[in-house]
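Take a look at the structure below.
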Amino acid sequence: MTERVLAGVPASPGTAFGGVRRLDAAGEIDGTVLEDVLRPAAAARALEALTQSARELDELAGKLRSEGRTEEADILDAGTMMAEDPVLLESVENAVLSRGLTAASAILVEVETVARQLDTLGDPELAARAADVRSLARRASRLASGDAGGARRKTAGDAILVAPDLGPADVIELDSDVSGIALAVGGVTGHAAIVARGLGLPMVVGLGNGVLSLIEGEPCIVDADRSAVIVSPDSARVAAVRRAIAAAREAHGRAMAARALPTVTRDGRFVRVLANAATPIEVRAALEAGADGIGLLRTELAFLEAKHWPTVAEHRRTLEPVLTPLRGRTATVRLLDFGGDKTPPFLKGVHGRGVELLLEDGEEALSAQLEAILETGDATELRVLIPMVTEAGQVRAVRAAIDRIAARRGSRVPLLAAMVEVPAAAVMADRLAPEVGMFSIGTNDLTSFQLGIDRTRPGGSPSHHPAVLRLIAATVEAARTAGIPVEVCGESASSPLVMPLLVGLGVDELSVGAAAVARVRGWVRALDFAEAAIIARRALDAESAGQVELLERPLRALLDDAG
Ligand code: PEP
Ligand code: MG
């Protein structure tokens, strides 16, 4: 077989190799109409399958709670409640008895009706529940048609789970021999992706129906860092991937063992390492890996299906579980960054991005979010981060709203930070710095806007291009003059190529994905700041990204040794 590459969207980082294990959409809805005599037994089987599913989910939730994994357990409770819902049980029974559907089809049809209702209610939390409910349908219909194995079926060696889509329960109860996940559809912000990230399982979604024709046992590589699945890889590639996976495992073990050591470079410069998160599961994983706190909370990801600007109550519901574990620690909550590829249905057709959109709404949307942030973040070292800032007036408008709400509530006034992720903000950094308490550089957008490239293109983003590094240097300089710290929260903060340059340019804080926290902490300890500063200055004078790559090779080798 020759090697084939399927392109997708990375939902959980890393690389995995194994044999395909197919988890097909259990029991397709078939057109069978059962004869009258067969219906009572089929109806009983459907109800038993739902009861059995409730039992399984409940057991699984209990196990997770005993391990302290309460957020994952809470996700499963939605499925249990649905499986025990008398209205659903009655409609499934009727579908078999009066319409003659098979047990598996009746479950799939009736649960799908509920899922569609949840989808259309306009509440993002309920819409997220729809995926949980569909996951229940797959489990119960599998049981009803006599397949109790599902994702737990064994293949020899490591397995790559291949499926149309997955529910969070499917991911949570994967056997430990599943090393990666490849999905035909699925979103990066769905619960399954969140659980996969929490578990550190590489996952690529949106691969299209091509992935569903893979044969059970066929070898493949899930490479989330290249946004691809490589089917029937040649032996040289397999050997390279195996070596990389073994090295990554070993390095992760070493990094976790050393996670409590202070993040000080060899020559004594302290660099704070925080984490990026959008969910409680990521916050927990980040704290376990030694993160000093959260350097970027992407609040908009919970509202990508919203039908209106979120209300105070909706913000409160999503913020509370994320901010509660951060008591006494840094919590950098970014205001909604809608727009671009994060445009919810109610903003379709609207131009603008981030703070511009929030302010356009006449302050109501902004006030609702600030009210909830100040309330739920009261016990944290709270920082409010403004996305897509282009001018000082935007900062002043947000500050005025914060001051007004904090005064009314009697809350402490949080530190106000501006994202520097549009070249305009970097160029105007000297004007912005006196208005804020901190800068956070978003190298994902900054690189894309500065170099005119699509940030979602495969192959990563060249944040080490001198044109981007110069914007970062200008931002750091303006921050120094104003006496405020600078964080980098884009993906480059965990890139072995760019991270040493960021440290060398004088960045104070790095905020990285939860799975990268322990590794980046180790990198800080391996670096020599003075050496990184010399190379960073040379990089500013380079004429291309390629030249910078040559320059920083010695630093990179240092990080490779550190893992
Ligand atoms: C960035 O642009 O680098 C950033 C951190 O923001 P986001 O990735 O959420 O756009
Ligand atoms: Mg951004």
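Lettering and numbering for the structure tokens are positional, with chains as A, B, ... in the shown order, residues counted from 1 in each chain, and ligands counted from 1 in the shown order.
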
For region 70-75 of chain A, find every residue with an atom within 9 Å (counting only C-alpha atoms), except residues of its own chain fewer than 3 positions away, and show them as a PyMOL selection string. chain A and resi 57-58+60-67+78-79+129+132+168-169+172+191+195+280-281+321

Could you list, with a cut-off of 10 Å and counting only C-alpha atoms and all ligand atoms, the residues of chain A near ligand 1, each shown with its nearest atom pair and the distance in Å rounded to one decimal, rows sorted by chain and ascending number, as a Markdown table?
```
| residue | atom | partner | partner_atom_place_in_ligand_line | distance |
| --- | --- | --- | --- | --- |
| A:Asn276 | CA | ligand 1 | 5 (C) | 8.2 |
| A:Ala277 | CA | ligand 1 | 9 (O) | 9.9 |
| A:Ala278 | CA | ligand 1 | 9 (O) | 9.8 |
| A:Gly295 | CA | ligand 1 | 5 (C) | 9.7 |
| A:Leu296 | CA | ligand 1 | 5 (C) | 7.3 |
| A:Leu297 | CA | ligand 1 | 9 (O) | 8.7 |
| A:Arg298 | CA | ligand 1 | 9 (O) | 6.2 |
| A:Thr299 | CA | ligand 1 | 9 (O) | 9.2 |
| A:Glu300 | CA | ligand 1 | 9 (O) | 8.7 |
| A:Leu301 | CA | ligand 1 | 9 (O) | 8.9 |
| A:Arg334 | CA | ligand 1 | 9 (O) | 9.0 |
| A:Leu336 | CA | ligand 1 | 9 (O) | 9.8 |
| A:Asp337 | CA | ligand 1 | 9 (O) | 7.3 |
| A:Phe338 | CA | ligand 1 | 10 (O) | 9.4 |
| A:Gly339 | CA | ligand 1 | 10 (O) | 9.8 |
| A:Gly340 | CA | ligand 1 | 10 (O) | 9.2 |
| A:Asp341 | CA | ligand 1 | 10 (O) | 9.2 |
| A:Lys342 | CA | ligand 1 | 10 (O) | 8.8 |
| A:Gly354 | CA | ligand 1 | 10 (O) | 9.3 |
| A:Pro387 | CA | ligand 1 | 6 (O) | 7.7 |
| A:Met388 | CA | ligand 1 | 2 (O) | 8.4 |
| A:Met419 | CA | ligand 1 | 4 (C) | 8.1 |
| A:Val420 | CA | ligand 1 | 2 (O) | 8.4 |
| A:Glu421 | CA | ligand 1 | 2 (O) | 5.6 |
| A:Val422 | CA | ligand 1 | 2 (O) | 8.5 |
| A:Ser440 | CA | ligand 1 | 5 (C) | 8.3 |
| A:Ile441 | CA | ligand 1 | 3 (O) | 6.6 |
| A:Gly442 | CA | ligand 1 | 3 (O) | 2.9 |
| A:Thr443 | CA | ligand 1 | 3 (O) | 4.0 |
| A:Asn444 | CA | ligand 1 | 3 (O) | 3.4 |
| A:Asp445 | CA | ligand 1 | 2 (O) | 3.8 |
| A:Leu446 | CA | ligand 1 | 2 (O) | 6.3 |
| A:Thr447 | CA | ligand 1 | 3 (O) | 8.2 |
| A:Ser448 | CA | ligand 1 | 2 (O) | 8.6 |
| A:Phe449 | CA | ligand 1 | 2 (O) | 9.7 |
| A:Arg455 | CA | ligand 1 | 2 (O) | 9.0 |
| A:Ser463 | CA | ligand 1 | 3 (O) | 10.0 |
| A:Val488 | CA | ligand 1 | 5 (C) | 7.8 |
| A:Cys489 | CA | ligand 1 | 5 (C) | 4.9 |
| A:Gly490 | CA | ligand 1 | 3 (O) | 3.5 |
| A:Glu491 | CA | ligand 1 | 3 (O) | 6.5 |
| A:Ser492 | CA | ligand 1 | 3 (O) | 8.1 |
| A:Ala493 | CA | ligand 1 | 3 (O) | 9.4 |
| A:Ser511 | CA | ligand 1 | 5 (C) | 8.8 |
| A:Val512 | CA | ligand 1 | 5 (C) | 9.2 |
```

Could you pull out the strand (DSSP E) residues of region 2-141 of chain A from DSSP and send them as a PyMOL selection string? chain A and resi 4-7+9-12+15-22

How would the residues just chosen look if you wrote them out with C-alpha atoms as a short mmCIF file (atom, residue, chain, number, x, y, z; two decimals), in the first residue's frame?
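File part.cif, as written:
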```
data_model
loop_
_atom_site.label_atom_id
_atom_site.label_comp_id
_atom_site.auth_asym_id
_atom_site.auth_seq_id
_atom_site.Cartn_x
_atom_site.Cartn_y
_atom_site.Cartn_z
CA ARG A 4 -1.76 8.50 1.75
CA VAL A 5 -2.26 11.77 3.60
CA LEU A 6 -5.70 12.96 4.78
CA ALA A 7 -5.88 16.63 5.77
CA VAL A 9 -8.05 20.07 11.69
CA PRO A 10 -5.97 19.52 14.86
CA ALA A 11 -8.21 19.15 17.93
CA SER A 12 -5.67 17.85 20.43
CA THR A 15 1.57 12.49 17.27
CA ALA A 16 0.39 8.88 17.58
CA PHE A 17 0.90 5.69 15.59
CA GLY A 18 -1.22 2.55 15.57
CA GLY A 19 -3.65 0.30 13.74
CA VAL A 20 -7.07 1.62 12.74
CA ARG A 21 -9.87 0.71 15.13
CA ARG A 22 -13.17 1.63 13.58
#
```

Which distance in Å separates CA of Leu183 (chain A) and CA of Arg197 (chain A), to one decimal?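 Straight-line distance from CA of Leu183 (chain A) to CA of Arg197 (chain A) works out to 14.6 Å.
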
At a cut-off of 8 Å, using only C-alpha atoms, what residues contact region 473-482 of chain A? Leave out same-chain residues fewer than 5 positions from it and give the result as a short mmCIF file (atom, residue, chain, number, x, y, z; two decimals) with N, CA and C atoms, in the first residue's frame.
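File out.cif, as written:
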```cif
data_model
loop_
_atom_site.label_atom_id
_atom_site.label_comp_id
_atom_site.auth_asym_id
_atom_site.auth_seq_id
_atom_site.Cartn_x
_atom_site.Cartn_y
_atom_site.Cartn_z
N VAL A 420 -1.68 42.23 22.13
CA VAL A 420 -0.97 42.83 20.99
C VAL A 420 -0.95 41.73 19.93
N ALA A 426 1.23 46.78 18.01
CA ALA A 426 2.67 46.73 18.27
C ALA A 426 3.32 48.06 17.90
N VAL A 427 2.89 48.61 16.76
CA VAL A 427 3.46 49.87 16.28
C VAL A 427 3.08 51.01 17.25
N ALA A 429 2.52 50.59 20.43
CA ALA A 429 2.69 50.07 21.80
C ALA A 429 3.07 51.17 22.79
N ASP A 430 3.86 52.17 22.33
CA ASP A 430 4.25 53.24 23.26
C ASP A 430 3.04 54.05 23.71
N ALA A 433 0.88 51.43 26.11
CA ALA A 433 1.47 50.96 27.37
C ALA A 433 1.03 51.77 28.59
N PRO A 434 0.97 53.11 28.51
CA PRO A 434 0.57 53.86 29.72
C PRO A 434 -0.89 53.62 30.11
N MET A 438 -0.52 45.54 31.57
CA MET A 438 0.24 44.43 30.99
C MET A 438 -0.07 44.31 29.50
N PHE A 439 0.91 43.80 28.74
CA PHE A 439 0.67 43.42 27.35
C PHE A 439 0.66 41.90 27.25
N LEU A 505 14.31 38.23 23.91
CA LEU A 505 13.81 39.58 23.65
C LEU A 505 13.30 40.25 24.93
N GLY A 506 13.22 39.48 26.02
CA GLY A 506 12.86 40.09 27.30
C GLY A 506 11.42 39.88 27.72
N VAL A 507 10.73 38.92 27.07
CA VAL A 507 9.35 38.62 27.47
C VAL A 507 9.35 38.07 28.90
#
```

So how far away is CA of Val133 (chain A) from CA of Leu304 (chain A), in Å?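 So the answer is 19.0 Å.
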
Residue contacts of Thr263 (chain A) (9 Å, only C-alpha atoms) excluding same-chain residues fewer than 6 positions away, as a ChimeraX atom specification: /A:269-273,521-525

Running DSSP on the backbone, which parts of region 322-415 of chain A land in helix (DSSP H, G or I), as a ChimeraX atom specification? /A:322-326,345-347,355-360,364-376,392-409

When distances are computed from only C-alpha atoms and all ligand atoms, which of A:Val355, A:Leu207, A:Met499, A:Glu371 shows the smallest separation from ligand 2?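 The closest residue to ligand 2 is A:Val355.
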
Hey, can you check how far CA of Leu47 (chain A) sits from CA of Asp119 (chain A)?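 Pair CA of Leu47 (chain A) / CA of Asp119 (chain A) returns 24.6 Å.
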
Nearby residues (only C-alpha atoms) at most 7 Å from region 31-40 of chain A, same-chain spacing under 5 positions excluded, as a PyMOL selection string: chain A and resi 96-97+100-102

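Among A:Ile245, A:Glu110, A:Arg353, A:Ala302, the residue with the shortest atom-to-atom distance to ligand 2, counting only C-alpha atoms and all ligand atoms, is A:Arg353.
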
Which is closest to ligand 2 among A:Leu76, A:Ala286, A:Ala103, A:Ile386, if we use only C-alpha atoms and all ligand atoms? A:Ile386
